[in-house]
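> This is the structure, below, for whatever I ask next.
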Amino acid sequence: MPQKHPAERVLVIGGTGIISTGISRALIEQGYEVVLYNRGRTPSQVAGVCTTIGGDRKAFAAFENQMAEAGTFDCVIDMVCYLPDEAESAIRAFKGRTGQYVFCSTVDVYTKPAAAYPITEAAEKLPSKKFMYGYHKARCEELLFAAHERGDLAVTSIRPGHTYGEGGNNLLHALGRGNYHVDRLRKGQPIIVHGNGRSFWPTCHRDDVAVAFAGAVGNENAYGRGYHVAGEEWLTWEGYHRGIAAAIGAEPPEFVYIPTGALVRMAPEQAMFTEVNFSYNNLFDNTAARRDLGFRVTVPWVQGARRTVEWLEAHGQLESSDDFPFYDRIIDAWQKATGSLANLVH
């Protein structure tokens with residue numbers, strides 16, 4: 001188990017998103033005084049006693065003034081810092097006002113493809129500028145760890161992989177977000193996968209990821225360090241979709257295999273994440289987080305997918321495949337294009 005040190009008052013910037021809901025719940029259960037800072041636009045699923053400060057952290061001057069008025073915190077967990085200027089604002093806001101600053105980073109800070117697998121925390125961190133999410137997160141880390149070296153903040157960076165769970169639309173497929181592929185699986189309709197469907201895409205339930213964040217709070221072993229908290233069922237994209245099908249009691253899916261380049265040409269906006277992320281193997285070594293933060297994967301993919309789909313259904317958020325006809329148009333276009341290849345050769 002991680003070595004814990006006393007920390008009582010914890011600020012969570014965010015607090016109502018997928019991961020931060022799990023973190024807030026875990027901290028409240030452990031007896032911390034929890035303060036959330038957010039815009040109040042996302043309904044909270046956090047039960048228990050906590051305080052909320054309303055505001056927009058992108059309004060830097062107002063945010064920094066609010067943090068000065070809020071007093072000191074034993075720990076700040078920042079879940080919504082995505083851009084370098086937001087990291088710089090956080091450094092100004094919390095220098096001398098917190099015992100520890102925990103940054104929600106991402107495994108996407110690493111160079112793709114990696115030089116070796118599974119990826120460790122020592123791997124090169126030069127994400128492509130085509131993938132601006134990962135690129136900006138890597139730059140945020142540079143700024144924050146520089147502040148750590150200067151003694152401005154005691155920084156811990158936690159890098160989740162893909163995280164899913166009840167409370168949001170976070171089941172993925174080759175054409176990005178949206179959950180209409182669940183309806184396709186129920187109806188026995190074919191599912192597009194990029195390439196041969198066998199690049200690795202582990203995923204982790206937010207309740208397990210939250211344990212690592214809670215385990216970092218007040219933990220001096222984690223100061224100045226970064227940690228992976230990624231899935232440990234090394235699913236291929238075929239396996240990922242088979243898991244959803246099993247979770248909803250559907251038959252194993254029929255796959256349509258489309259090369260990533262072709263998919264991007266047909267649907268550049270929808271397939272953007274497939275090009276810059278999904279097409280690569282995403283395999284990460286969680287040894288450090290298991291050792292220092294108490295991280296464990298306890299929610300199997302099929303069980304977690306079932307829970308997520310049930311939540312979406314209960315909240316009227318499952319999409320109908322009938323509302324996304326372009327998906328079948330892509331399949332039809334690909335099959336027509338490839339169906340004539342043999343004639344071209346012979």
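The way I read the labels, and the way they are meant: chains A, B, ... in the order of the structure tokens, residue 1 as the first residue of every chain, and ligand 1 as the first ligand shown, with later ones counted on from there.
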Excluding same-chain residues fewer than 3 positions from Gly31 of chain A, what lies within 10 Å of it counting only C-alpha atoms, as a ChimeraX atom specification?

/A:8-9,26-28,34,49

> Got time to write the residues from that selection, N, CA, C and O atoms, as a compact mmCIF listing (two decimals), in the first residue's frame?


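Final output, saved to selection-v5.txt:
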# COMPACT_ATOMS: atom_id res chain seq x y z
N GLU A 8 -5.46 17.09 4.67
CA GLU A 8 -6.85 17.20 5.10
C GLU A 8 -7.73 17.93 4.09
O GLU A 8 -8.78 17.44 3.70
N ARG A 9 -7.31 19.09 3.65
CA ARG A 9 -8.16 19.91 2.77
C ARG A 9 -7.69 19.75 1.32
O ARG A 9 -6.57 20.13 0.98
N ALA A 26 -13.97 9.03 -3.70
CA ALA A 26 -12.95 8.32 -2.92
C ALA A 26 -12.42 9.20 -1.79
O ALA A 26 -12.23 8.73 -0.65
N LEU A 27 -12.17 10.47 -2.08
CA LEU A 27 -11.63 11.36 -1.06
C LEU A 27 -12.63 11.60 0.07
O LEU A 27 -12.26 11.62 1.25
N ILE A 28 -13.90 11.77 -0.28
CA ILE A 28 -14.93 11.96 0.74
C ILE A 28 -15.04 10.72 1.62
O ILE A 28 -15.12 10.82 2.85
N VAL A 34 -13.26 18.04 1.17
CA VAL A 34 -13.16 18.16 -0.28
C VAL A 34 -13.83 19.45 -0.75
O VAL A 34 -14.98 19.74 -0.40
N VAL A 49 -20.45 15.05 1.87
CA VAL A 49 -20.22 16.46 2.22
C VAL A 49 -19.03 17.00 1.44
O VAL A 49 -17.91 16.48 1.54

> Any chance you could tabulate, as CSV, the residues of segment 169-275 of chain A at most 10 Å from segment 300-304 of chain A with each one's nearest atom pair and distance in Å to one decimal, using only C-alpha atoms, in chain and rising number order?


residue,atom,partner,partner_atom,distance
A:Pro202,CA,A:Trp301,CA,8.9
A:Thr203,CA,A:Trp301,CA,7.4
A:Cys204,CA,A:Trp301,CA,7.5
A:His205,CA,A:Gly304,CA,6.4
A:Arg206,CA,A:Gly304,CA,9.4
A:Asp207,CA,A:Gly304,CA,9.9
A:Gly231,CA,A:Trp301,CA,9.0
A:Glu232,CA,A:Pro300,CA,9.4
A:Glu233,CA,A:Trp301,CA,7.6
A:Leu235,CA,A:Trp301,CA,9.1
A:Gly239,CA,A:Trp301,CA,10.0
A:Tyr240,CA,A:Trp301,CA,8.1
A:His241,CA,A:Val302,CA,9.9
A:Arg242,CA,A:Val302,CA,8.9
A:Gly243,CA,A:Val302,CA,5.2
A:Ile244,CA,A:Val302,CA,6.4
A:Ala245,CA,A:Val302,CA,8.6
A:Ala246,CA,A:Val302,CA,6.7
A:Ala247,CA,A:Val302,CA,5.2
A:Ile248,CA,A:Val302,CA,9.0

> With N, CA and C atoms retained, could you export that selection as a compact mmCIF listing (two decimals), in the first residue's frame?


# COMPACT_ATOMS: atom_id res chain seq x y z
N PRO A 202 -6.12 -1.09 -24.34
CA PRO A 202 -6.64 -1.35 -22.98
C PRO A 202 -7.42 -0.15 -22.47
N THR A 203 -8.38 -0.41 -21.63
CA THR A 203 -9.20 0.65 -21.06
C THR A 203 -9.40 0.36 -19.58
N CYS A 204 -9.68 1.37 -18.79
CA CYS A 204 -9.74 1.20 -17.34
C CYS A 204 -10.94 1.95 -16.77
N HIS A 205 -11.66 1.31 -15.84
CA HIS A 205 -12.83 1.95 -15.24
C HIS A 205 -12.40 3.07 -14.31
N ARG A 206 -13.19 4.13 -14.30
CA ARG A 206 -12.81 5.33 -13.53
C ARG A 206 -12.67 5.06 -12.04
N ASP A 207 -13.38 4.08 -11.48
CA ASP A 207 -13.25 3.81 -10.05
C ASP A 207 -11.85 3.31 -9.72
N GLY A 231 -5.29 0.60 -18.40
CA GLY A 231 -5.89 -0.72 -18.36
C GLY A 231 -4.85 -1.83 -18.43
N GLU A 232 -5.15 -2.97 -17.83
CA GLU A 232 -4.23 -4.10 -17.82
C GLU A 232 -4.79 -5.33 -18.53
N GLU A 233 -6.03 -5.26 -19.03
CA GLU A 233 -6.51 -6.27 -19.97
C GLU A 233 -6.08 -5.78 -21.34
N LEU A 235 -6.51 -5.55 -24.48
CA LEU A 235 -7.51 -5.81 -25.50
C LEU A 235 -7.07 -5.27 -26.84
N GLY A 239 -11.16 -7.25 -29.65
CA GLY A 239 -11.54 -7.69 -28.31
C GLY A 239 -12.36 -6.67 -27.57
N TYR A 240 -12.05 -5.40 -27.78
CA TYR A 240 -12.81 -4.32 -27.15
C TYR A 240 -14.28 -4.40 -27.54
N HIS A 241 -14.54 -4.54 -28.84
CA HIS A 241 -15.92 -4.61 -29.31
C HIS A 241 -16.59 -5.93 -28.93
N ARG A 242 -15.83 -7.01 -28.94
CA ARG A 242 -16.41 -8.28 -28.48
C ARG A 242 -16.83 -8.17 -27.02
N GLY A 243 -16.06 -7.42 -26.24
CA GLY A 243 -16.42 -7.23 -24.83
C GLY A 243 -17.72 -6.49 -24.66
N ILE A 244 -17.92 -5.43 -25.47
CA ILE A 244 -19.20 -4.70 -25.39
C ILE A 244 -20.35 -5.61 -25.79
N ALA A 245 -20.14 -6.40 -26.87
CA ALA A 245 -21.19 -7.31 -27.30
C ALA A 245 -21.55 -8.30 -26.19
N ALA A 246 -20.53 -8.85 -25.53
CA ALA A 246 -20.79 -9.77 -24.42
C ALA A 246 -21.52 -9.07 -23.29
N ALA A 247 -21.16 -7.81 -23.03
CA ALA A 247 -21.78 -7.06 -21.93
C ALA A 247 -23.27 -6.85 -22.15
N ILE A 248 -23.70 -6.71 -23.40
CA ILE A 248 -25.11 -6.44 -23.67
C ILE A 248 -25.86 -7.67 -24.15

> Neighbouring residues of Asp322 of chain A were defined as those with any atom within 10 Å, considering only C-alpha atoms; residues of the same chain fewer than 4 positions away were excluded. Please report them as a list in words.

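Surrounding residues, per the criterion: Tyr180, Asp183, Arg184, Phe326, Tyr327 and Asp328 of chain A.
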
> Can you check which residues of segment 78-274 of chain A DSSP gives as strand (DSSP E or B) on the backbone and send them as number ranges by chain?

A: 78, 98, 101-104, 119, 155-160, 163-164, 173, 176, 191-194, 200, 204-205, 225-229, 236, 255-258

> Which residue is closest to Ala230 of chain A? Choose from A:Val217, A:Leu143, A:Val107, A:Val182 and count only C-alpha atoms.

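Ranking A:Val217, A:Leu143, A:Val107, A:Val182 by distance to Ala230 of chain A, first place goes to A:Val107.
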
> Tell me, as a ChimeraX atom specification, which residues lie within 7 Å of Phe73 of chain A, counting only C-alpha atoms; anything in the same chain fewer than 6 positions away does not count.

/A:9-11,97-99

> Could you take the residues named above and write them with N, CA and C atoms, as a tab-separated table (two decimals), in the first residue's frame?


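Now in out-v7.tsv:
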chain	number	residue	atom	x	y	z
A	9	ARG	N	-7.31	19.09	3.65
A	9	ARG	CA	-8.16	19.91	2.77
A	9	ARG	C	-7.69	19.75	1.32
A	10	VAL	N	-8.54	19.19	0.47
A	10	VAL	CA	-8.16	18.88	-0.90
A	10	VAL	C	-9.09	19.62	-1.86
A	11	LEU	N	-8.50	20.34	-2.79
A	11	LEU	CA	-9.25	21.01	-3.85
A	11	LEU	C	-9.20	20.15	-5.10
A	97	ARG	N	0.59	28.05	-1.75
A	97	ARG	CA	-0.76	27.89	-1.22
A	97	ARG	C	-1.21	26.44	-1.16
A	98	THR	N	-0.33	25.51	-1.51
A	98	THR	CA	-0.71	24.11	-1.42
A	98	THR	C	0.51	23.26	-1.11
A	99	GLY	N	0.28	22.19	-0.38
A	99	GLY	CA	1.37	21.28	-0.08
A	99	GLY	C	1.74	20.40	-1.26

> So, with only C-alpha atoms as the atoms that count, which of A:His181, A:Arg329, A:Arg39, A:Arg307 lies closest to Gly168 of chain A?

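Closest to Gly168 of chain A of all the choices is A:Arg307.
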
> Give me, as JSON lines, the closest atom pair and its distance (Å, one decimal) for every residue of segment 214-310 of chain A within a cut-off of 8 Å of segment 117-123 of chain A, counting only C-alpha atoms, rows sorted by chain and rising number.


{"residue": "A:Gly226", "atom": "CA", "partner": "A:Glu121", "partner_atom": "CA", "distance": 6.8}
{"residue": "A:Tyr227", "atom": "CA", "partner": "A:Glu121", "partner_atom": "CA", "distance": 6.7}
{"residue": "A:His228", "atom": "CA", "partner": "A:Glu121", "partner_atom": "CA", "distance": 7.2}
{"residue": "A:Leu283", "atom": "CA", "partner": "A:Pro118", "partner_atom": "CA", "distance": 5.0}
{"residue": "A:Phe284", "atom": "CA", "partner": "A:Ile119", "partner_atom": "CA", "distance": 4.6}
{"residue": "A:Asp285", "atom": "CA", "partner": "A:Thr120", "partner_atom": "CA", "distance": 5.4}
{"residue": "A:Asn286", "atom": "CA", "partner": "A:Thr120", "partner_atom": "CA", "distance": 7.9}

> Those selected residues, please, written with N, CA and C atoms and delivered as a PDB file, in the first residue's frame.


ATOM      1  N   GLY A 226       5.896  11.062 -12.245  1.00  0.00           N
ATOM      2  CA  GLY A 226       4.740  10.796 -13.094  1.00  0.00           C
ATOM      3  C   GLY A 226       4.420   9.325 -13.078  1.00  0.00           C
ATOM      4  N   TYR A 227       3.138   8.987 -13.237  1.00  0.00           N
ATOM      5  CA  TYR A 227       2.680   7.597 -13.126  1.00  0.00           C
ATOM      6  C   TYR A 227       1.652   7.272 -14.198  1.00  0.00           C
ATOM      7  N   HIS A 228       1.761   6.074 -14.776  1.00  0.00           N
ATOM      8  CA  HIS A 228       0.695   5.547 -15.623  1.00  0.00           C
ATOM      9  C   HIS A 228      -0.399   4.940 -14.752  1.00  0.00           C
ATOM     10  N   LEU A 283       0.075   0.261 -24.805  1.00  0.00           N
ATOM     11  CA  LEU A 283       0.371  -0.696 -23.738  1.00  0.00           C
ATOM     12  C   LEU A 283       1.318  -0.039 -22.750  1.00  0.00           C
ATOM     13  N   PHE A 284       0.924  -0.004 -21.476  1.00  0.00           N
ATOM     14  CA  PHE A 284       1.670   0.764 -20.483  1.00  0.00           C
ATOM     15  C   PHE A 284       1.980  -0.082 -19.251  1.00  0.00           C
ATOM     16  N   ASP A 285       3.165   0.156 -18.712  1.00  0.00           N
ATOM     17  CA  ASP A 285       3.628  -0.527 -17.507  1.00  0.00           C
ATOM     18  C   ASP A 285       3.150   0.268 -16.292  1.00  0.00           C
ATOM     19  N   ASN A 286       2.289  -0.344 -15.472  1.00  0.00           N
ATOM     20  CA  ASN A 286       1.731   0.324 -14.291  1.00  0.00           C
ATOM     21  C   ASN A 286       2.497   0.009 -13.007  1.00  0.00           C
TER      22      ASN A 286
END

> Excluding Tyr257 of chain A and any residue of its chain fewer than 6 positions from it, enumerate the residues within 7 Å of it, using only C-alpha atoms, and give them as a list in words.

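Result of the neighbour search: Ile192, Val193, His194, Gly195, Asn196 and Gly197 of chain A.
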
> Deliver the residues from the most recent selection as a file, using C-alpha atoms, as a JSON list (two decimals), in the first residue's frame.


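Output saved as again.json:
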[["chain", "number", "residue", "atom", "x", "y", "z"],
["A", 192, "ILE", "CA", -15.80, -0.88, -38.60],
["A", 193, "VAL", "CA", -12.35, -1.45, -37.17],
["A", 194, "HIS", "CA", -9.19, 0.19, -38.45],
["A", 195, "GLY", "CA", -6.44, -1.91, -39.98],
["A", 196, "ASN", "CA", -6.74, -5.55, -39.02],
["A", 197, "GLY", "CA", -8.41, -4.69, -35.68]]

> A:Ser89, A:Asn219, A:Ser340, A:Thr72: which is nearest Val102 of chain A, counting only C-alpha atoms?

A:Asn219

> Considering only C-alpha atoms, return as a list of chain:residue names whatever protein or nucleic-acid residues lie within 8 Å of segment 309-311 of chain A, sequence-local ones (same chain, fewer than 6 positions apart) excluded.

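Residues meeting the cut-off are A:Glu166, A:Gly167, A:Ile248, A:Leu318.
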
> Next, dump the selected residues to file, keeping only all heavy atoms, as a PDB file, in the first residue's frame.


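This went into part_9.pdb:
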ATOM      1  N   GLU A 166     -19.634   4.966 -15.696  1.00  0.00           N
ATOM      2  CA  GLU A 166     -20.957   5.557 -15.617  1.00  0.00           C
ATOM      3  C   GLU A 166     -20.845   7.072 -15.506  1.00  0.00           C
ATOM      4  O   GLU A 166     -19.994   7.587 -14.796  1.00  0.00           O
ATOM      5  CB  GLU A 166     -21.698   5.020 -14.384  1.00  0.00           C
ATOM      6  CG  GLU A 166     -21.835   3.499 -14.345  1.00  0.00           C
ATOM      7  CD  GLU A 166     -20.677   2.788 -13.667  1.00  0.00           C
ATOM      8  OE1 GLU A 166     -19.513   3.254 -13.792  1.00  0.00           O
ATOM      9  OE2 GLU A 166     -20.924   1.755 -13.018  1.00  0.00           O
ATOM     10  N   GLY A 167     -21.721   7.763 -16.238  1.00  0.00           N
ATOM     11  CA  GLY A 167     -21.747   9.208 -16.109  1.00  0.00           C
ATOM     12  C   GLY A 167     -21.391   9.961 -17.362  1.00  0.00           C
ATOM     13  O   GLY A 167     -21.411  11.193 -17.363  1.00  0.00           O
ATOM     14  N   ILE A 248     -23.696  -6.708 -23.397  1.00  0.00           N
ATOM     15  CA  ILE A 248     -25.112  -6.435 -23.671  1.00  0.00           C
ATOM     16  C   ILE A 248     -25.862  -7.674 -24.153  1.00  0.00           C
ATOM     17  O   ILE A 248     -27.028  -7.594 -24.531  1.00  0.00           O
ATOM     18  CB  ILE A 248     -25.262  -5.301 -24.711  1.00  0.00           C
ATOM     19  CG1 ILE A 248     -24.650  -5.702 -26.058  1.00  0.00           C
ATOM     20  CG2 ILE A 248     -24.636  -4.010 -24.179  1.00  0.00           C
ATOM     21  CD1 ILE A 248     -24.858  -4.666 -27.164  1.00  0.00           C
ATOM     22  N   LEU A 318     -28.505   6.461 -24.730  1.00  0.00           N
ATOM     23  CA  LEU A 318     -28.059   5.536 -25.763  1.00  0.00           C
ATOM     24  C   LEU A 318     -28.554   6.028 -27.120  1.00  0.00           C
ATOM     25  O   LEU A 318     -29.726   6.338 -27.294  1.00  0.00           O
ATOM     26  CB  LEU A 318     -28.578   4.124 -25.495  1.00  0.00           C
ATOM     27  CG  LEU A 318     -27.728   3.238 -24.597  1.00  0.00           C
ATOM     28  CD1 LEU A 318     -28.353   1.854 -24.481  1.00  0.00           C
ATOM     29  CD2 LEU A 318     -26.295   3.122 -25.107  1.00  0.00           C
TER      30      LEU A 318
END

> Within 8 Å of Phe94 of chain A, counting only C-alpha atoms, which residues show up once you throw out same-chain ones fewer than 4 positions away? Write them as a ChimeraX atom specification, please.

/A:67,90,98,153

> Point out the residue among A:Leu263, A:Ile91, A:Gly316, A:Met79 with the least atom-to-atom distance to Arg150 of chain A, counting only C-alpha atoms.

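With only C-alpha atoms as the atom set, the closest residue is A:Ile91.
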
> With distances taken over only C-alpha atoms, which residue among A:Thr298, A:Asn277, A:Ser199, A:Thr52 lies nearest Met132 of chain A?

A:Asn277

> Using only C-alpha atoms, pick whichever of A:Ile191, A:Val299, A:Ala61, A:Cys50 has the shortest atom-to-atom distance to Trp237 of chain A.

A:Ile191

> Write down as an NGL selection string the residues belonging to segment 41-270 of chain A that are assigned alpha helix (DSSP H) by DSSP computed on the backbone.

:A and (60-70 or 84-94 or 132-150 or 180-187 or 206-216 or 237-247 or 260-266)

> Could you tell me how far atom CA of Gly165 of chain A sits from atom CA of Glu142 of chain A, in Å to one decimal place?

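Those two atoms sit 29.5 Å apart.
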